[in-house]
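File shown here: run21.pdb, holding PDB, C-alpha atoms.
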ATOM      1  CA  MET A   1       0.000   0.000   0.000
ATOM      2  CA  SER A   2       1.038   3.658  -0.362
ATOM      3  CA  ALA A   3       1.970   3.908   3.342
ATOM      4  CA  SER A   4       4.892   1.530   2.723
ATOM      5  CA  LEU A   5       6.576   3.913   0.251
ATOM      6  CA  PRO A   6       9.192   6.528   1.310
ATOM      7  CA  GLY A   7       8.206  10.079   2.185
ATOM      8  CA  ASN A   8       7.006  11.910   5.296
ATOM      9  CA  ARG A   9       3.724  13.206   3.877
ATOM     10  CA  GLU A  10       0.982  10.606   3.860
ATOM     11  CA  LEU A  11      -1.664  10.446   1.164
ATOM     12  CA  PRO A  12      -5.320  10.685   2.190
ATOM     13  CA  GLU A  13      -6.408   7.201   3.210
ATOM     14  CA  SER A  14      -9.284   7.189   0.758
ATOM     15  CA  GLN A  15     -11.596   9.297  -1.373
ATOM     16  CA  TYR A  16     -14.450   7.843   0.682
ATOM     17  CA  ASP A  17     -15.549   7.900   4.313
ATOM     18  CA  LEU A  18     -14.091   4.668   5.705
ATOM     19  CA  SER A  19     -15.982   5.038   8.968
ATOM     20  CA  THR A  20     -19.138   4.009   7.074
ATOM     21  CA  TYR A  21     -19.868   0.634   5.516
ATOM     22  CA  TRP A  22     -20.831   2.125   2.147
ATOM     23  CA  GLY A  23     -17.617   4.163   2.080
ATOM     24  CA  ARG A  24     -15.606   0.973   2.694
ATOM     25  CA  VAL A  25     -17.560  -0.823  -0.059
ATOM     26  CA  LYS A  26     -16.595   1.860  -2.574
ATOM     27  CA  GLN A  27     -12.982   1.831  -1.375
ATOM     28  CA  THR A  28     -12.814  -1.972  -1.553
ATOM     29  CA  ALA A  29     -14.262  -1.867  -5.067
ATOM     30  CA  THR A  30     -11.235   0.207  -6.115
ATOM     31  CA  ILE A  31      -8.597  -2.170  -4.711
ATOM     32  CA  THR A  32     -10.419  -5.237  -6.110
ATOM     33  CA  ASP A  33     -10.805  -3.667  -9.556
ATOM     34  CA  PRO A  34      -9.327  -6.220 -12.016
ATOM     35  CA  ARG A  35      -8.242  -3.407 -14.333
ATOM     36  CA  THR A  36      -5.342  -2.700 -11.949
ATOM     37  CA  LEU A  37      -3.874  -6.047 -13.045
ATOM     38  CA  LEU A  38      -3.242  -4.531 -16.476
ATOM     39  CA  ALA A  39      -0.846  -1.919 -15.084
ATOM     40  CA  GLY A  40       2.098  -4.326 -15.236
ATOM     41  CA  LYS A  41       5.555  -3.699 -13.817
ATOM     42  CA  HIS A  42       6.036  -0.434 -15.727
ATOM     43  CA  GLY A  43       2.638   0.911 -14.656
ATOM     44  CA  LEU A  44       3.346   0.013 -11.019
ATOM     45  CA  GLU A  45       6.711   1.800 -11.088
ATOM     46  CA  GLN A  46       5.104   4.914 -12.596
ATOM     47  CA  ALA A  47       2.378   4.814  -9.960
ATOM     48  CA  LYS A  48       4.972   4.453  -7.182
ATOM     49  CA  LYS A  49       6.904   7.454  -8.536
ATOM     50  CA  LEU A  50       3.777   9.610  -8.448
ATOM     51  CA  VAL A  51       2.922   8.513  -4.899
ATOM     52  CA  VAL A  52       6.489   9.111  -3.685
ATOM     53  CA  ALA A  53       6.500  12.540  -5.364
ATOM     54  CA  TYR A  54       3.411  13.490  -3.353
ATOM     55  CA  LYS A  55       4.818  12.065  -0.122
ATOM     56  CA  GLN A  56       8.032  14.031  -0.599
ATOM     57  CA  GLY A  57       6.193  17.281  -1.310
ATOM     58  CA  GLU A  58       6.915  17.514  -5.041
ATOM     59  CA  ILE A  59       3.183  17.250  -5.853
ATOM     60  CA  LYS A  60       1.086  19.580  -3.727
ATOM     61  CA  GLU A  61      -2.477  18.317  -4.180
ATOM     62  CA  MET A  62      -4.310  15.106  -4.984
ATOM     63  CA  THR A  63      -5.257  14.812  -8.663
ATOM     64  CA  PRO A  64      -7.274  12.191 -10.598
ATOM     65  CA  GLU A  65      -3.980  10.806 -11.920
ATOM     66  CA  LEU A  66      -2.597  10.544  -8.388
ATOM     67  CA  TRP A  67      -5.748   8.812  -7.097
ATOM     68  CA  LYS A  68      -5.370   6.294  -9.940
ATOM     69  CA  ALA A  69      -1.717   5.757  -8.989
ATOM     70  CA  LYS A  70      -2.702   5.196  -5.356
ATOM     71  CA  LYS A  71      -5.325   2.695  -6.489
ATOM     72  CA  ILE A  72      -2.697   0.676  -8.386
ATOM     73  CA  VAL A  73      -0.249   0.796  -5.475
ATOM     74  CA  ASP A  74      -2.850  -0.120  -2.833
ATOM     75  CA  SER A  75      -4.154  -3.052  -4.864
ATOM     76  CA  THR A  76      -0.663  -4.390  -5.616
ATOM     77  CA  LEU A  77       1.667  -3.821  -2.643
ATOM     78  CA  HIS A  78       1.380  -5.558   0.708
ATOM     79  CA  PRO A  79       0.816  -2.954   3.471
ATOM     80  CA  ASP A  80       3.402  -4.518   5.819
ATOM     81  CA  THR A  81       6.229  -5.426   3.433
ATOM     82  CA  GLY A  82       5.772  -2.920   0.604
ATOM     83  CA  GLU A  83       6.402  -5.766  -1.857
ATOM     84  CA  PRO A  84       3.985  -6.729  -4.657
ATOM     85  CA  VAL A  85       1.582  -9.529  -3.788
ATOM     86  CA  LEU A  86       1.923 -12.335  -6.347
ATOM     87  CA  LEU A  87      -0.618 -11.542  -9.069
ATOM     88  CA  PRO A  88      -2.973 -14.566  -8.801
ATOM     89  CA  PHE A  89      -3.323 -13.987  -5.054
ATOM     90  CA  ARG A  90      -4.179 -10.265  -5.120
ATOM     91  CA  MET A  91      -7.703  -9.278  -4.188
ATOM     92  CA  SER A  92      -8.025  -7.620  -7.607
ATOM     93  CA  CYS A  93      -7.531 -11.091  -9.125
ATOM     94  CA  PHE A  94      -9.652 -12.938  -6.554
ATOM     95  CA  ALA A  95     -12.740 -13.430  -8.721
ATOM     96  CA  LEU A  96     -10.717 -14.595 -11.724
ATOM     97  CA  SER A  97      -8.488 -16.914  -9.658
ATOM     98  CA  ASN A  98     -11.521 -18.497  -8.022
ATOM     99  CA  LEU A  99     -13.642 -18.769 -11.170
ATOM    100  CA  VAL A 100     -12.396 -22.110 -12.497
ATOM    101  CA  VAL A 101     -12.244 -23.637  -9.020
ATOM    102  CA  THR A 102     -15.762 -22.514  -8.116
ATOM    103  CA  VAL A 103     -17.185 -23.758 -11.411
ATOM    104  CA  GLY A 104     -15.482 -27.089 -10.779
ATOM    105  CA  MET A 105     -16.919 -27.436  -7.277
ATOM    106  CA  LEU A 106     -20.404 -26.469  -8.461
ATOM    107  CA  THR A 107     -20.421 -28.853 -11.424
ATOM    108  CA  PRO A 108     -23.632 -30.940 -11.152
ATOM    109  CA  GLY A 109     -23.229 -34.681 -10.627
ATOM    110  CA  LEU A 110     -19.649 -34.735  -9.347
ATOM    111  CA  LYS A 111     -18.492 -38.121  -8.088
ATOM    112  CA  THR A 112     -16.391 -38.586  -4.952
ATOM    113  CA  THR A 113     -13.063 -38.340  -6.787
ATOM    114  CA  GLY A 114     -14.064 -35.114  -8.519
ATOM    115  CA  THR A 115     -15.390 -33.651  -5.270
ATOM    116  CA  VAL A 116     -12.150 -34.416  -3.426
ATOM    117  CA  LEU A 117      -9.907 -33.076  -6.217
ATOM    118  CA  TRP A 118     -11.813 -29.789  -6.501
ATOM    119  CA  GLN A 119     -11.838 -29.317  -2.710
ATOM    120  CA  ILE A 120      -8.067 -29.882  -2.623
ATOM    121  CA  THR A 121      -7.628 -27.348  -5.429
ATOM    122  CA  ASN A 122      -9.835 -24.820  -3.651
ATOM    123  CA  GLN A 123      -8.030 -25.146  -0.318
ATOM    124  CA  SER A 124      -4.656 -24.886  -2.075
ATOM    125  CA  LEU A 125      -5.768 -21.577  -3.553
ATOM    126  CA  ASN A 126      -7.169 -20.422  -0.198
ATOM    127  CA  VAL A 127      -3.895 -21.183   1.574
ATOM    128  CA  ALA A 128      -1.970 -19.163  -1.004
ATOM    129  CA  ILE A 129      -4.367 -16.182  -0.806
ATOM    130  CA  ASN A 130      -4.483 -16.189   3.007
ATOM    131  CA  TYR A 131      -0.708 -16.402   3.276
ATOM    132  CA  ALA A 132      -0.071 -13.709   0.655
ATOM    133  CA  ASN A 133      -2.461 -11.198   2.292
ATOM    134  CA  ALA A 134      -1.871 -11.956   5.983
ATOM    135  CA  ASN A 135      -0.404  -9.516   8.505
ATOM    136  CA  LYS A 136       3.363 -10.023   8.141
ATOM    137  CA  SER A 137       4.441  -8.881  11.606
ATOM    138  CA  SER A 138       4.107 -12.515  12.764
ATOM    139  CA  PRO A 139       5.145 -14.719   9.815
ATOM    140  CA  LEU A 140       4.176 -18.389   9.689
ATOM    141  CA  SER A 141       6.830 -21.105   9.334
ATOM    142  CA  TYR A 142       6.687 -23.454   6.354
ATOM    143  CA  SER A 143       6.003 -26.430   8.619
ATOM    144  CA  LYS A 144       2.985 -24.608  10.083
ATOM    145  CA  ILE A 145       1.778 -23.728   6.587
ATOM    146  CA  ALA A 146       1.974 -27.397   5.545
ATOM    147  CA  GLN A 147       0.181 -28.505   8.722
ATOM    148  CA  SER A 148      -2.561 -25.910   8.245
ATOM    149  CA  TYR A 149      -2.982 -26.873   4.604
ATOM    150  CA  LEU A 150      -3.416 -30.563   5.375
ATOM    151  CA  LEU A 151      -5.950 -29.871   8.130
ATOM    152  CA  ALA A 152      -7.991 -27.522   5.921
ATOM    153  CA  VAL A 153      -7.996 -30.009   3.021
ATOM    154  CA  SER A 154      -9.066 -32.824   5.362
ATOM    155  CA  ALA A 155     -11.894 -30.705   6.773
ATOM    156  CA  SER A 156     -13.277 -29.593   3.402
ATOM    157  CA  CYS A 157     -13.095 -33.067   1.869
ATOM    158  CA  SER A 158     -14.705 -34.658   4.929
ATOM    159  CA  VAL A 159     -17.622 -32.201   4.899
ATOM    160  CA  ALA A 160     -18.161 -32.437   1.128
ATOM    161  CA  VAL A 161     -17.936 -36.222   0.874
ATOM    162  CA  GLY A 162     -19.911 -36.732   4.092
ATOM    163  CA  LEU A 163     -22.804 -34.499   3.045
ATOM    164  CA  ASN A 164     -22.837 -35.950  -0.475
ATOM    165  CA  SER A 165     -23.384 -39.389   1.049
ATOM    166  CA  ILE A 166     -26.003 -38.192   3.563
ATOM    167  CA  VAL A 167     -28.285 -36.163   1.270
ATOM    168  CA  PRO A 168     -29.425 -39.113  -0.936
ATOM    169  CA  ARG A 169     -30.379 -41.052   2.214
ATOM    170  CA  LEU A 170     -32.849 -38.406   3.409
ATOM    171  CA  LYS A 171     -35.959 -40.370   2.441
ATOM    172  CA  ARG A 172     -38.506 -37.860   3.726
ATOM    173  CA  LEU A 173     -37.349 -35.183   1.292
ATOM    174  CA  SER A 174     -38.704 -34.794  -2.222
ATOM    175  CA  PRO A 175     -36.336 -35.346  -5.185
ATOM    176  CA  SER A 176     -36.348 -31.622  -5.989
ATOM    177  CA  THR A 177     -35.352 -30.742  -2.417
ATOM    178  CA  LYS A 178     -32.582 -33.329  -2.491
ATOM    179  CA  LEU A 179     -31.364 -31.802  -5.753
ATOM    180  CA  VAL A 180     -31.176 -28.329  -4.215
ATOM    181  CA  LEU A 181     -29.437 -29.628  -1.072
ATOM    182  CA  GLY A 182     -26.963 -31.548  -3.206
ATOM    183  CA  ARG A 183     -26.066 -28.370  -5.092
ATOM    184  CA  LEU A 184     -25.458 -26.575  -1.760
ATOM    185  CA  VAL A 185     -23.029 -29.200  -0.408
ATOM    186  CA  PRO A 186     -19.990 -27.364  -1.880
ATOM    187  CA  PHE A 187     -21.039 -24.214   0.017
ATOM    188  CA  ALA A 188     -21.081 -26.064   3.354
ATOM    189  CA  ALA A 189     -17.644 -27.515   2.634
ATOM    190  CA  VAL A 190     -16.160 -24.220   1.429
ATOM    191  CA  ALA A 191     -17.621 -22.123   4.273
ATOM    192  CA  SER A 192     -16.519 -24.470   7.070
ATOM    193  CA  ALA A 193     -13.077 -25.186   5.639
ATOM    194  CA  GLY A 194     -12.593 -21.538   4.648
ATOM    195  CA  VAL A 195     -13.026 -20.389   8.231
ATOM    196  CA  LEU A 196     -10.726 -23.150   9.467
ATOM    197  CA  ASN A 197      -8.191 -22.250   6.781
ATOM    198  CA  VAL A 198      -7.993 -18.626   7.918
ATOM    199  CA  PHE A 199      -7.542 -19.566  11.579
ATOM    200  CA  LEU A 200      -4.935 -22.207  10.767
ATOM    201  CA  MET A 201      -2.955 -20.098   8.286
ATOM    202  CA  ARG A 202      -2.935 -17.105  10.613
ATOM    203  CA  GLY A 203      -2.722 -18.991  13.887
ATOM    204  CA  GLU A 204       0.801 -17.725  14.529
ATOM    205  CA  GLU A 205      -0.574 -14.180  14.672
ATOM    206  CA  MET A 206      -2.923 -15.177  17.504
ATOM    207  CA  ARG A 207      -0.145 -16.993  19.366
ATOM    208  CA  THR A 208       2.470 -14.226  19.176
ATOM    209  CA  GLY A 209       0.297 -11.149  18.531
ATOM    210  CA  ILE A 210       0.437  -8.457  15.837
ATOM    211  CA  ASP A 211       1.861  -4.940  15.939
ATOM    212  CA  VAL A 212      -0.439  -2.178  17.150
ATOM    213  CA  PHE A 213       0.233   1.541  16.730
ATOM    214  CA  PRO A 214      -1.173   4.693  18.352
ATOM    215  CA  VAL A 215      -3.798   6.584  16.350
ATOM    216  CA  LEU A 216      -2.181   9.891  15.401
ATOM    217  CA  SER A 217      -3.887  13.223  15.893
ATOM    218  CA  GLU A 218      -3.488  16.060  13.382
ATOM    219  CA  ALA A 219      -1.007  17.663  15.801
ATOM    220  CA  ASP A 220       1.019  14.425  15.897
ATOM    221  CA  LYS A 221       1.064  14.279  12.108
ATOM    222  CA  ALA A 222       2.187  17.907  11.857
ATOM    223  CA  ARG A 223       4.980  17.285  14.407
ATOM    224  CA  LEU A 224       6.217  14.264  12.482
ATOM    225  CA  ALA A 225       6.189  16.243   9.221
ATOM    226  CA  ALA A 226       8.184  19.026  10.866
ATOM    227  CA  GLU A 227      10.737  16.447  12.036
ATOM    228  CA  GLY A 228      10.948  15.011   8.532
ATOM    229  CA  LYS A 229       9.443  11.691   9.577
ATOM    230  CA  ALA A 230       6.708   9.624   7.949
ATOM    231  CA  GLU A 231       3.688   8.269   9.788
ATOM    232  CA  SER A 232       4.874   4.775   8.890
ATOM    233  CA  GLU A 233       8.011   5.406  10.980
ATOM    234  CA  VAL A 234       6.023   5.564  14.229
ATOM    235  CA  ALA A 235       7.208   2.729  16.452
ATOM    236  CA  SER A 236       4.913  -0.149  17.322
ATOM    237  CA  LEU A 237       3.500  -0.176  20.844
ATOM    238  CA  GLY A 238       4.095  -3.917  20.894
ATOM    239  CA  LYS A 239       2.386  -7.118  19.777
ATOM    240  CA  SER A 240      -1.172  -7.806  20.917
ATOM    241  CA  GLN A 241      -2.741 -11.261  20.902
ATOM    242  CA  LYS A 242      -6.205  -9.774  21.415
ATOM    243  CA  ALA A 243      -5.806  -7.553  18.350
ATOM    244  CA  ALA A 244      -4.615 -10.565  16.371
ATOM    245  CA  THR A 245      -7.595 -12.675  17.434
ATOM    246  CA  LEU A 246      -9.965  -9.878  16.397
ATOM    247  CA  ALA A 247      -8.177  -9.439  13.057
ATOM    248  CA  VAL A 248      -8.251 -13.149  12.203
ATOM    249  CA  SER A 249     -11.869 -13.592  13.360
ATOM    250  CA  GLU A 250     -13.078 -10.685  11.236
ATOM    251  CA  THR A 251     -11.171 -11.990   8.213
ATOM    252  CA  ALA A 252     -12.720 -15.451   8.661
ATOM    253  CA  LEU A 253     -16.197 -13.918   8.829
ATOM    254  CA  SER A 254     -15.583 -11.855   5.708
ATOM    255  CA  ARG A 255     -14.609 -15.076   3.887
ATOM    256  CA  VAL A 256     -18.001 -16.584   4.808
ATOM    257  CA  PHE A 257     -19.780 -13.390   3.734
ATOM    258  CA  ASN A 258     -17.995 -13.638   0.390
ATOM    259  CA  SER A 259     -18.509 -17.355  -0.271
ATOM    260  CA  THR A 260     -22.206 -17.401   0.693
ATOM    261  CA  PRO A 261     -23.667 -15.574  -2.329
ATOM    262  CA  ILE A 262     -21.097 -17.072  -4.730
ATOM    263  CA  MET A 263     -21.706 -20.674  -3.655
ATOM    264  CA  VAL A 264     -25.470 -20.381  -3.013
ATOM    265  CA  VAL A 265     -27.049 -18.033  -5.567
ATOM    266  CA  PRO A 266     -25.615 -19.415  -8.873
ATOM    267  CA  PRO A 267     -26.494 -23.091  -8.185
ATOM    268  CA  LEU A 268     -30.035 -22.185  -7.095
ATOM    269  CA  ILE A 269     -30.565 -20.062 -10.212
ATOM    270  CA  LEU A 270     -29.083 -22.810 -12.389
ATOM    271  CA  VAL A 271     -31.426 -25.415 -10.870
ATOM    272  CA  ARG A 272     -34.336 -23.162 -11.774
ATOM    273  CA  LEU A 273     -33.066 -22.560 -15.308
ATOM    274  CA  GLN A 274     -32.439 -26.266 -15.926
ATOM    275  CA  ARG A 275     -36.163 -26.845 -15.473
ATOM    276  CA  THR A 276     -37.019 -24.487 -18.341
ATOM    277  CA  GLU A 277     -37.799 -25.910 -21.767
ATOM    278  CA  TRP A 278     -35.222 -23.637 -23.405
ATOM    279  CA  LEU A 279     -32.262 -25.012 -21.434
ATOM    280  CA  LYS A 280     -33.537 -28.571 -21.766
ATOM    281  CA  ARG A 281     -33.414 -28.081 -25.548
ATOM    282  CA  ASN A 282     -30.027 -26.312 -25.359
ATOM    283  CA  PRO A 283     -27.993 -28.062 -22.620
ATOM    284  CA  ARG A 284     -24.751 -26.822 -24.216
ATOM    285  CA  PHE A 285     -25.481 -23.401 -22.704
ATOM    286  CA  THR A 286     -25.420 -24.762 -19.141
ATOM    287  CA  MET A 287     -21.670 -24.260 -18.653
ATOM    288  CA  PRO A 288     -21.522 -20.696 -20.105
ATOM    289  CA  ILE A 289     -24.515 -19.702 -17.966
ATOM    290  CA  ASN A 290     -22.888 -21.212 -14.886
ATOM    291  CA  LEU A 291     -19.649 -19.349 -15.633
ATOM    292  CA  GLY A 292     -21.487 -16.065 -16.096
ATOM    293  CA  LEU A 293     -23.500 -16.456 -12.899
ATOM    294  CA  ILE A 294     -20.426 -17.285 -10.803
ATOM    295  CA  LEU A 295     -18.232 -14.544 -12.272
ATOM    296  CA  GLY A 296     -20.941 -11.894 -11.949
ATOM    297  CA  MET A 297     -21.751 -12.856  -8.385
ATOM    298  CA  SER A 298     -18.037 -12.956  -7.495
ATOM    299  CA  TYR A 299     -17.468  -9.372  -8.610
ATOM    300  CA  LEU A 300     -20.670  -8.226  -6.944
ATOM    301  CA  ALA A 301     -20.091  -9.946  -3.597
ATOM    302  CA  LEU A 302     -16.378  -9.318  -3.023
ATOM    303  CA  PRO A 303     -16.458  -5.565  -2.168
ATOM    304  CA  PHE A 304     -19.454  -6.018   0.131
ATOM    305  CA  ALA A 305     -17.782  -8.917   1.966
ATOM    306  CA  LEU A 306     -14.341  -7.348   2.393
ATOM    307  CA  ALA A 307     -15.883  -4.039   3.503
ATOM    308  CA  ALA A 308     -17.669  -5.669   6.439
ATOM    309  CA  PHE A 309     -14.684  -4.701   8.610
ATOM    310  CA  PRO A 310     -12.046  -1.969   8.130
ATOM    311  CA  GLN A 311      -8.638  -3.163   6.927
ATOM    312  CA  ARG A 312      -6.957  -0.617   9.195
ATOM    313  CA  GLN A 313      -8.841  -1.437  12.370
ATOM    314  CA  ARG A 314      -9.107   1.085  15.207
ATOM    315  CA  ILE A 315      -9.955  -0.020  18.739
ATOM    316  CA  SER A 316      -9.546   1.311  22.266
ATOM    317  CA  ALA A 317      -6.208   0.523  23.877
ATOM    318  CA  GLU A 318      -8.151  -0.332  27.037
ATOM    319  CA  SER A 319      -9.734  -3.324  25.256
ATOM    320  CA  LEU A 320      -6.311  -4.900  24.703
ATOM    321  CA  GLU A 321      -3.811  -6.395  27.165
ATOM    322  CA  LYS A 322      -2.882  -4.371  30.253
ATOM    323  CA  GLU A 323       0.471  -3.382  28.778
ATOM    324  CA  PHE A 324      -1.380  -1.201  26.248
ATOM    325  CA  HIS A 325      -3.691   0.543  28.724
ATOM    326  CA  GLY A 326      -3.156   4.285  28.755
ATOM    327  CA  ARG A 327      -0.848   4.125  25.745
ATOM    328  CA  GLY A 328      -3.362   4.786  22.986
ATOM    329  CA  GLY A 329      -3.081   7.748  20.685
ATOM    330  CA  GLU A 330      -5.878  10.189  19.863
ATOM    331  CA  GLY A 331      -8.950   9.313  21.919
ATOM    332  CA  GLY A 332      -7.070   6.458  23.558
ATOM    333  CA  MET A 333      -7.240   4.483  20.296
ATOM    334  CA  VAL A 334      -4.755   2.172  18.615
ATOM    335  CA  VAL A 335      -4.696   0.899  15.037
ATOM    336  CA  PHE A 336      -3.491  -2.311  13.360
ATOM    337  CA  ASN A 337      -3.526  -3.949   9.936
ATOM    338  CA  ARG A 338      -6.286  -6.584   9.911
ATOM    339  CA  GLY A 339      -5.114  -8.205   6.685
ATOM    340  CA  ILE A 340      -7.554  -9.213   3.983
TER
END

Would you write out, as structure tokens, the structure that this file holds?
Amino acid sequence: MSASLPGNRELPESQYDLSTYWGRVKQTATITDPRTLLAGKHGLEQAKKLVVAYKQGEIKEMTPELWKAKKIVDSTLHPDTGEPVLLPFRMSCFALSNLVVTVGMLTPGLKTTGTVLWQITNQSLNVAINYANANKSSPLSYSKIAQSYLLAVSASCSVAVGLNSIVPRLKRLSPSTKLVLGRLVPFAAVASAGVLNVFLMRGEEMRTGIDVFPVLSEADKARLAAEGKAESEVASLGKSQKAATLAVSETALSRVFNSTPIMVVPPLILVRLQRTEWLKRNPRFTMPINLGLILGMSYLALPFALAAFPQRQRISAESLEKEFHGRGGEGGMVVFNRGI
């Protein structure tokens, strides 16, 4: 993100009011915009130059070009490391990266082998995305990553295979109800394993804590600018396990918020469409329709899900461990990077 670049003059956090849900939705829509993927290495370097020029006082005011540059930087660079997130695992590529996997999991009539293979593929992608976008103040060892991956894969496959075997045995349900429930099995597997995946992949954060920083007042920001220091140079107050638990829990919930419409709405609509005479006469259109439904719902749902909680989370220092009491910044508040 732009805060990781050199310069003692910070850019405005957003064009929108991030204290409101709708403001966060609009902000999230900018950093998940797939058009930022087209910037490439040259476009990113040009964007970084513009942002640095503003932070070093060479550009005096925000311009449309500078907002666009900030959008590219924020959607590409990790806020803790300042390094580009690998392209397939950026939030701006989330819908595209998940498209093939989601279509695979929602394919009607999957057998056990297909179900297991698609769940393994999905959890592999989830592990990569969670790791790439996690708070980096408490990195996870490779052995922990492997352990978390195996547990998440086991959980998703167990839920998917288990429910697929249970649904046909529900004798009191009508065939149409069984059909709908069968189409929703992937959602149950993805939602449960997705939550587990986040907690496992970011468990180290909860064990060791994440860095928290004082919320700066305008006077603090002016003092830092006068001293030639950037806001990103403010020292951490320490690592908080409570802040980490909140960050990971909110991220897990946002994953459920995101997967629910993607894994529920398209299969239910497709079930309805497959009963129409038109689709019965033209079954070759089933796959394109499924692709369109999943892709459209992915782009629609992602900003609303990620905006459920602020990425830069502010809480009272008094709600954290005793060592942070009385050490908050403006209004007694501290701030930390929740991760995505």

Return as JSON the centre and edge lengths, in Å with one decimal, of the box along x, y and z that encloses every atom of segment 262-270 of chain A in the file, padded by 8 Å per side.
{"center_x": -25.8, "center_y": -20.1, "center_z": -7.7, "size_x": 25.5, "size_y": 22.0, "size_z": 25.4}

What are the nearest atom pairs, with distances in Å to one decimal, for all residues of segment 210-297 of chain A that come at most 12 Å from segment 77-87 of chain A, using only C-alpha atoms, set out by chain and rising residue number as a Markdown table?
| residue | atom | partner | partner_atom | distance |
| --- | --- | --- | --- | --- |
| A:Ile210 | CA | A:Asp80 | CA | 11.2 |
| A:Asp211 | CA | A:Asp80 | CA | 10.2 |
| A:Ser232 | CA | A:Asp80 | CA | 9.9 |

* For this file, the PyMOL selection byres ((chain A and resi 261-269) around 8) selects which residues, as a list in words? ->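 Taken on the displayed file, the PyMOL selection byres ((chain A and resi 261-269) around 8) yields the residues Thr102, Leu106, Val180, Arg183, Leu184, Pro186, Phe187, Phe257, Asn258, Ser259, Thr260, Leu270, Val271, Arg272, Leu273, Asn290, Leu293, Ile294, Met297, Ser298 and Ala301 of chain A.
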
* Identify all residues satisfying the PyMOL selection byres ((chain A and resi 241-250) around 8) in the given file; provide them as a list in words. =>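 Applying the PyMOL selection byres ((chain A and resi 241-250) around 8) to the structure shown produces Val198, Phe199, Arg202, Glu205, Met206, Arg207, Thr208, Gly209, Ile210, Val212, Lys239, Ser240, Thr251, Ala252, Leu253, Ser254, Phe309, Leu320, Glu321, Phe336, Asn337, Arg338 and Gly339 of chain A.
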
Generate the output file for the selected residues, C-alpha atoms, as a tab-separated table (two decimals), in the frame of the given file.
chain	number	residue	atom	x	y	z
A	198	VAL	CA	-7.99	-18.63	7.92
A	199	PHE	CA	-7.54	-19.57	11.58
A	202	ARG	CA	-2.94	-17.10	10.61
A	205	GLU	CA	-0.57	-14.18	14.67
A	206	MET	CA	-2.92	-15.18	17.50
A	207	ARG	CA	-0.14	-16.99	19.37
A	208	THR	CA	2.47	-14.23	19.18
A	209	GLY	CA	0.30	-11.15	18.53
A	210	ILE	CA	0.44	-8.46	15.84
A	212	VAL	CA	-0.44	-2.18	17.15
A	239	LYS	CA	2.39	-7.12	19.78
A	240	SER	CA	-1.17	-7.81	20.92
A	251	THR	CA	-11.17	-11.99	8.21
A	252	ALA	CA	-12.72	-15.45	8.66
A	253	LEU	CA	-16.20	-13.92	8.83
A	254	SER	CA	-15.58	-11.86	5.71
A	309	PHE	CA	-14.68	-4.70	8.61
A	320	LEU	CA	-6.31	-4.90	24.70
A	321	GLU	CA	-3.81	-6.40	27.16
A	336	PHE	CA	-3.49	-2.31	13.36
A	337	ASN	CA	-3.53	-3.95	9.94
A	338	ARG	CA	-6.29	-6.58	9.91
A	339	GLY	CA	-5.11	-8.20	6.68

* To do: Could you jot down the atom CA of Glu318 of chain A to atom CA of Glu10 of chain A separation for me, Å, one decimal place?
  =>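 Interatomic distance, atom CA of Glu318 of chain A to atom CA of Glu10 of chain A: 27.2 Å.
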
* To do: Could you tell me which residues the PyMOL selection byres ((chain A and resi 66-70) around 10) returns for this structure, as a VMD selection string?
  => chain A and resid 1 to 3 11 to 15 30 to 31 36 39 43 to 51 53 to 54 59 61 to 65 71 to 76

For the residues in that selection, give me C-alpha atoms as an mmCIF file, keeping the file's coordinate frame.
data_model
loop_
_atom_site.group_PDB
_atom_site.id
_atom_site.type_symbol
_atom_site.label_atom_id
_atom_site.label_comp_id
_atom_site.auth_asym_id
_atom_site.auth_seq_id
_atom_site.Cartn_x
_atom_site.Cartn_y
_atom_site.Cartn_z
ATOM 1 C CA MET A 1 0.000 0.000 0.000
ATOM 2 C CA SER A 2 1.038 3.658 -0.362
ATOM 3 C CA ALA A 3 1.970 3.908 3.342
ATOM 4 C CA LEU A 11 -1.664 10.446 1.164
ATOM 5 C CA PRO A 12 -5.320 10.685 2.190
ATOM 6 C CA GLU A 13 -6.408 7.201 3.210
ATOM 7 C CA SER A 14 -9.284 7.189 0.758
ATOM 8 C CA GLN A 15 -11.596 9.297 -1.373
ATOM 9 C CA THR A 30 -11.235 0.207 -6.115
ATOM 10 C CA ILE A 31 -8.597 -2.170 -4.711
ATOM 11 C CA THR A 36 -5.342 -2.700 -11.949
ATOM 12 C CA ALA A 39 -0.846 -1.919 -15.084
ATOM 13 C CA GLY A 43 2.638 0.911 -14.656
ATOM 14 C CA LEU A 44 3.346 0.013 -11.019
ATOM 15 C CA GLU A 45 6.711 1.800 -11.088
ATOM 16 C CA GLN A 46 5.104 4.914 -12.596
ATOM 17 C CA ALA A 47 2.378 4.814 -9.960
ATOM 18 C CA LYS A 48 4.972 4.453 -7.182
ATOM 19 C CA LYS A 49 6.904 7.454 -8.536
ATOM 20 C CA LEU A 50 3.777 9.610 -8.448
ATOM 21 C CA VAL A 51 2.922 8.513 -4.899
ATOM 22 C CA ALA A 53 6.500 12.540 -5.364
ATOM 23 C CA TYR A 54 3.411 13.490 -3.353
ATOM 24 C CA ILE A 59 3.183 17.250 -5.853
ATOM 25 C CA GLU A 61 -2.477 18.317 -4.180
ATOM 26 C CA MET A 62 -4.310 15.106 -4.984
ATOM 27 C CA THR A 63 -5.257 14.812 -8.663
ATOM 28 C CA PRO A 64 -7.274 12.191 -10.598
ATOM 29 C CA GLU A 65 -3.980 10.806 -11.920
ATOM 30 C CA LYS A 71 -5.325 2.695 -6.489
ATOM 31 C CA ILE A 72 -2.697 0.676 -8.386
ATOM 32 C CA VAL A 73 -0.249 0.796 -5.475
ATOM 33 C CA ASP A 74 -2.850 -0.120 -2.833
ATOM 34 C CA SER A 75 -4.154 -3.052 -4.864
ATOM 35 C CA THR A 76 -0.663 -4.390 -5.616
#
